[in-house]
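A.B. asks: Input file: structure34.txt. Contents: compact mmCIF, C-alpha atoms.
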```txt
# COMPACT_ATOMS: atom_id res chain seq x y z
CA ASP A 1 -23.15 -2.09 4.43
CA ILE A 2 -21.11 -0.82 1.48
CA LYS A 3 -21.69 2.82 2.44
CA ALA A 4 -20.48 2.05 5.97
CA ILE A 5 -17.31 0.44 4.62
CA LEU A 6 -16.60 3.46 2.42
CA LYS A 7 -17.33 5.90 5.24
CA ASP A 8 -15.61 4.10 8.12
CA ASN A 9 -12.40 2.96 6.43
CA LEU A 10 -9.96 5.78 6.05
CA ILE A 11 -7.05 3.59 4.97
CA GLY A 12 -7.10 1.37 1.92
CA THR A 13 -4.62 -0.41 -0.28
CA LEU A 14 -3.98 1.24 -3.63
CA ALA A 15 -2.63 -1.03 -6.36
CA THR A 16 -0.94 0.48 -9.42
CA LEU A 17 1.26 -0.84 -12.21
CA ASN A 18 4.99 -0.14 -12.42
CA GLY A 19 6.46 0.73 -15.81
CA ASP A 20 7.58 -2.89 -16.29
CA GLY A 21 4.02 -4.14 -15.65
CA SER A 22 4.72 -5.46 -12.17
CA PRO A 23 2.23 -4.58 -9.41
CA TRP A 24 2.80 -1.91 -6.77
CA ALA A 25 0.56 -1.77 -3.68
CA THR A 26 0.65 0.85 -0.97
CA PRO A 27 -1.61 1.95 1.88
CA VAL A 28 -3.20 5.38 1.42
CA HIS A 29 -5.74 7.48 3.30
CA VAL A 30 -8.99 7.05 1.35
CA PHE A 31 -12.12 9.17 1.56
CA ALA A 32 -15.39 8.56 -0.25
CA ASP A 33 -18.59 10.16 -1.34
CA ASP A 34 -21.43 8.45 -3.20
CA GLU A 35 -19.56 8.62 -6.52
CA ALA A 36 -15.85 8.15 -5.94
CA LEU A 37 -12.87 7.41 -3.73
CA TYR A 38 -10.28 10.15 -3.12
CA TRP A 39 -6.72 10.15 -1.86
CA PHE A 40 -3.82 12.59 -1.68
CA SER A 41 -0.25 11.85 -2.61
CA LYS A 42 3.00 13.56 -3.50
CA ASP A 43 3.73 13.53 -7.22
CA THR A 44 7.10 11.89 -6.50
CA HIS A 45 5.66 8.81 -4.76
CA GLN A 46 5.85 5.60 -6.77
CA HIS A 47 2.10 5.09 -7.01
CA SER A 48 1.65 8.66 -8.33
CA LEU A 49 4.39 8.14 -10.91
CA ASN A 50 2.73 4.87 -11.91
CA ILE A 51 -0.63 6.60 -12.42
CA VAL A 52 1.00 9.02 -14.85
CA LEU A 53 2.22 6.04 -16.92
CA ASP A 54 -0.93 3.93 -16.57
CA PRO A 55 -4.03 5.21 -14.73
CA ARG A 56 -5.50 1.73 -14.15
CA VAL A 57 -5.73 1.17 -10.39
CA SER A 58 -7.55 -0.88 -7.81
CA VAL A 59 -8.36 0.02 -4.21
CA ALA A 60 -9.23 -2.50 -1.50
CA LEU A 61 -10.99 -1.45 1.71
CA TRP A 62 -11.70 -3.75 4.68
CA SER A 63 -13.91 -3.44 7.72
CA ASN A 64 -13.74 -5.57 10.84
CA SER A 65 -16.20 -3.48 12.84
CA GLN A 66 -19.18 -5.74 11.99
CA GLY A 67 -17.48 -8.88 10.78
CA THR A 68 -15.01 -8.98 7.94
CA LYS A 69 -16.41 -7.07 4.98
CA GLY A 70 -14.60 -5.67 1.98
CA ALA A 71 -14.97 -3.41 -1.01
CA TYR A 72 -12.87 -3.51 -4.16
CA VAL A 73 -12.97 -0.62 -6.62
CA THR A 74 -11.18 -0.91 -9.95
CA GLY A 75 -10.92 1.67 -12.71
CA ARG A 76 -8.88 4.63 -13.90
CA ALA A 77 -7.49 7.15 -11.45
CA GLU A 78 -7.49 10.79 -12.33
CA LYS A 79 -5.43 13.61 -10.88
CA LEU A 80 -7.76 16.43 -9.86
CA ASP A 81 -7.63 20.07 -10.84
CA GLU A 82 -7.76 22.86 -8.26
CA ILE A 83 -11.58 23.07 -8.11
CA ASP A 84 -12.08 19.31 -7.71
CA THR A 85 -9.20 19.17 -5.20
CA GLN A 86 -11.11 21.62 -3.00
CA LYS A 87 -14.21 19.40 -3.24
CA ALA A 88 -12.07 16.42 -2.17
CA LEU A 89 -10.67 18.43 0.74
CA ASP A 90 -14.23 19.25 1.80
CA ILE A 91 -14.93 15.49 1.95
CA VAL A 92 -11.82 15.04 4.11
CA ILE A 93 -12.90 17.84 6.47
CA SER A 94 -16.37 16.33 6.71
CA ALA A 95 -14.86 12.94 7.62
CA VAL A 96 -12.13 13.95 10.08
CA GLY A 97 -12.77 17.59 10.96
CA LYS A 98 -9.67 19.09 9.34
CA VAL A 99 -7.10 18.58 6.60
CA PRO A 100 -4.25 16.47 8.02
CA PRO A 101 -0.81 18.10 7.71
CA VAL A 102 0.42 15.08 5.75
CA PHE A 103 -1.76 16.26 2.84
CA GLU A 104 0.23 19.49 2.42
CA ASN A 105 2.05 19.74 -0.92
CA THR A 106 0.20 16.77 -2.36
CA SER A 107 -2.05 16.18 -5.34
CA ALA A 108 -5.58 14.85 -5.08
CA TYR A 109 -6.71 11.78 -7.01
CA ARG A 110 -10.13 10.32 -7.71
CA LEU A 111 -11.34 6.84 -8.63
CA LYS A 112 -14.98 6.65 -9.64
CA ILE A 113 -16.80 3.83 -7.87
CA GLY A 114 -18.65 2.72 -10.99
CA GLN A 115 -20.98 -0.24 -11.29
CA SER A 116 -21.26 -3.25 -9.01
CA ASP A 117 -20.17 -6.58 -10.48
CA THR A 118 -22.95 -8.81 -9.21
CA SER A 119 -21.23 -11.96 -10.49
CA LYS A 120 -18.40 -11.44 -7.96
CA THR A 121 -20.23 -9.61 -5.18
CA SER A 122 -21.24 -11.71 -2.17
CA GLU A 123 -22.85 -10.91 1.17
CA ASN A 124 -19.57 -9.58 2.62
CA ARG A 125 -17.58 -8.48 -0.46
CA TRP A 126 -18.49 -5.84 -3.03
CA TYR A 127 -16.71 -5.37 -6.38
CA PHE A 128 -17.04 -2.19 -8.44
CA TYR A 129 -15.67 -1.30 -11.86
CA SER A 130 -15.58 2.04 -13.63
```
The structure in this file should be written as structure tokens.

C.D. replies:
Amino acid sequence: DIKAILKDNLIGTLATLNGDGSPWATPVHVFADDEALYWFSKDTHQHSLNIVLDPRVSVALWSNSQGTKGAYVTGRAEKLDEIDTQKALDIVISAVGKVPPVFENTSAYRLKIGQSDTSKTSENRWYFYS
């Protein structure tokens, strides 16, 4: 179930922290492999600026295709170098067949999926921390 949620949901909510500590949430295109979530963003967008100041983030993904199911991944985002950006683009191409034009002139980011928190996880919700 969790692999289907990560594969089938291409839009998630990314939560970051503003400089004053207040939350900032925004929808982003999210792609996944077995180890991490990836997204692309312009360096000037608020969530990208927030990651520079504080890399702690959380991503929420929801699926309604087989009942309401969700995945929450919390950890530290990292901006990818050129080699890892190409690997992330390969994941995008595998998922949707091409690199969307909206990804031009953006940076790639990664959030490792980490370990499942079994104390929070239920039959329809999965929580991961890295």

A.B. asks: How many Å lie between atom CA of A:Asn18 and atom CA of A:Lys42, rounded to one decimal?

C.D. replies: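 That distance, rounded to one decimal, is 16.5 Å.
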
A.B. asks: What's around stretch 54-60 of chain A at 10 Å? Count only C-alpha atoms, leave out sequence neighbours fewer than 3 positions away in its own chain, and write the answer as a PyMOL selection string.

C.D. replies: chain A and resi 11-19+21+23-28+30+37+47-51+70-79+111+113+126-129

A.B. asks: Just checking: using all atoms listed in the file, which residue out of A:Asn9, A:Ser63, A:Thr85, A:Thr44 ends up closest to A:Tyr109?

C.D. replies: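 Closest residue, counting all atoms listed in the file: A:Thr85.
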
A.B. asks: Just how far from atom CA of A:Asp33 is atom CA of A:Lys120, in Å to one decimal?

C.D. replies: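 Value for the atom CA of A:Lys120-atom CA of A:Asp33 distance: 22.6 Å.
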
A.B. asks: So, counting only C-alpha atoms, which residue among A:His29, A:Lys69, A:Lys87, A:His45 is closest to A:Lys3?

C.D. replies: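 Residue with the minimum atom-to-atom distance to A:Lys3: A:Lys69.
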
A.B. asks: In Å to one decimal, how far is atom CA of A:Trp39 from atom CA of A:Lys98?

C.D. replies: 14.6 Å

A.B. asks: Find the residue from A:Asp20, A:Val92, A:Ala32, A:Glu123 that sits nearest to A:Leu61; use only C-alpha atoms when measuring.

C.D. replies: A:Ala32

A.B. asks: Which residue gives the smallest distance to A:Asp8 among A:Ile83, A:Ala95, A:Pro101, A:Ser107, with all atoms listed in the file counted?

C.D. replies: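 When distances to A:Asp8 are compared using all atoms listed in the file, the smallest one comes from A:Ala95.
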
A.B. asks: Starting from 3 Å padding per side, set up an axis-aligned box that covers all listed atoms of stretch 39-49 of chain A and hand over centre and edge lengths in Å, one decimal, as AutoDock Vina command-line options.

C.D. replies:
```
--center_x 0.2 --center_y 9.3 --center_z -6.3 --size_x 19.8 --size_y 14.5 --size_z 15.2
```

A.B. asks: Determine, counting all atoms listed in the file, every residue of protein, DNA or RNA that lies within 7 Å of (-0.2, 13.1, 0.0) in the file coordinates, then give the result as a list in words.

C.D. replies: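 Every residue inside that radius is included here: Phe40, Ser41, Lys42, Val102, Phe103, Glu104, Thr106 and Ser107 of chain A.
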
A.B. asks: Tell me which of A:Val52, A:Asn124, A:Phe31, A:Ser22 sits closest to A:Ile93, counting all atoms listed in the file.

C.D. replies: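 Ranking A:Val52, A:Asn124, A:Phe31, A:Ser22 by distance to A:Ile93, first place goes to A:Phe31.
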
A.B. asks: Which one is closest to A:Thr68: A:Thr118, A:Lys112, A:Ile2, A:Arg125? Count all atoms listed in the file.

C.D. replies: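 Ranked by minimum distance to A:Thr68, first place goes to A:Arg125.
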
A.B. asks: What would stretch 94-107 of chain A look like with N, CA and C atoms restored, written as a PDB file, in the coordinates of the input?

C.D. replies:
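Result written to part-v2.pdb:
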```pdb
ATOM      1  N   SER A  94     -15.114  16.908   6.228  1.00  0.00           N
ATOM      2  CA  SER A  94     -16.370  16.330   6.710  1.00  0.00           C
ATOM      3  C   SER A  94     -16.122  15.024   7.470  1.00  0.00           C
ATOM      4  N   ALA A  95     -15.141  14.246   7.009  1.00  0.00           N
ATOM      5  CA  ALA A  95     -14.860  12.940   7.620  1.00  0.00           C
ATOM      6  C   ALA A  95     -14.051  13.040   8.900  1.00  0.00           C
ATOM      7  N   VAL A  96     -13.043  13.926   8.938  1.00  0.00           N
ATOM      8  CA  VAL A  96     -12.130  13.950  10.080  1.00  0.00           C
ATOM      9  C   VAL A  96     -12.008  15.309  10.772  1.00  0.00           C
ATOM     10  N   GLY A  97     -12.738  16.307  10.285  1.00  0.00           N
ATOM     11  CA  GLY A  97     -12.770  17.590  10.960  1.00  0.00           C
ATOM     12  C   GLY A  97     -11.727  18.603  10.521  1.00  0.00           C
ATOM     13  N   LYS A  98     -10.706  18.168   9.812  1.00  0.00           N
ATOM     14  CA  LYS A  98      -9.670  19.090   9.340  1.00  0.00           C
ATOM     15  C   LYS A  98      -8.861  18.394   8.250  1.00  0.00           C
ATOM     16  N   VAL A  99      -8.006  19.158   7.599  1.00  0.00           N
ATOM     17  CA  VAL A  99      -7.100  18.580   6.600  1.00  0.00           C
ATOM     18  C   VAL A  99      -5.820  18.187   7.334  1.00  0.00           C
ATOM     19  N   PRO A 100      -5.473  16.902   7.341  1.00  0.00           N
ATOM     20  CA  PRO A 100      -4.250  16.470   8.020  1.00  0.00           C
ATOM     21  C   PRO A 100      -3.011  17.123   7.409  1.00  0.00           C
ATOM     22  N   PRO A 101      -2.034  17.473   8.232  1.00  0.00           N
ATOM     23  CA  PRO A 101      -0.810  18.100   7.710  1.00  0.00           C
ATOM     24  C   PRO A 101      -0.083  17.257   6.658  1.00  0.00           C
ATOM     25  N   VAL A 102      -0.245  15.942   6.709  1.00  0.00           N
ATOM     26  CA  VAL A 102       0.420  15.080   5.750  1.00  0.00           C
ATOM     27  C   VAL A 102      -0.079  15.325   4.318  1.00  0.00           C
ATOM     28  N   PHE A 103      -1.216  15.977   4.166  1.00  0.00           N
ATOM     29  CA  PHE A 103      -1.760  16.260   2.840  1.00  0.00           C
ATOM     30  C   PHE A 103      -1.187  17.534   2.223  1.00  0.00           C
ATOM     31  N   GLU A 104      -0.366  18.269   2.973  1.00  0.00           N
ATOM     32  CA  GLU A 104       0.230  19.490   2.420  1.00  0.00           C
ATOM     33  C   GLU A 104       1.172  19.121   1.287  1.00  0.00           C
ATOM     34  N   ASN A 105       1.180  19.933   0.254  1.00  0.00           N
ATOM     35  CA  ASN A 105       2.050  19.740  -0.920  1.00  0.00           C
ATOM     36  C   ASN A 105       1.817  18.404  -1.605  1.00  0.00           C
ATOM     37  N   THR A 106       0.554  18.007  -1.673  1.00  0.00           N
ATOM     38  CA  THR A 106       0.200  16.770  -2.360  1.00  0.00           C
ATOM     39  C   THR A 106      -0.799  17.072  -3.466  1.00  0.00           C
ATOM     40  N   SER A 107      -1.016  16.107  -4.318  1.00  0.00           N
ATOM     41  CA  SER A 107      -2.050  16.180  -5.340  1.00  0.00           C
ATOM     42  C   SER A 107      -3.205  15.280  -4.928  1.00  0.00           C
TER      43      SER A 107
END
```
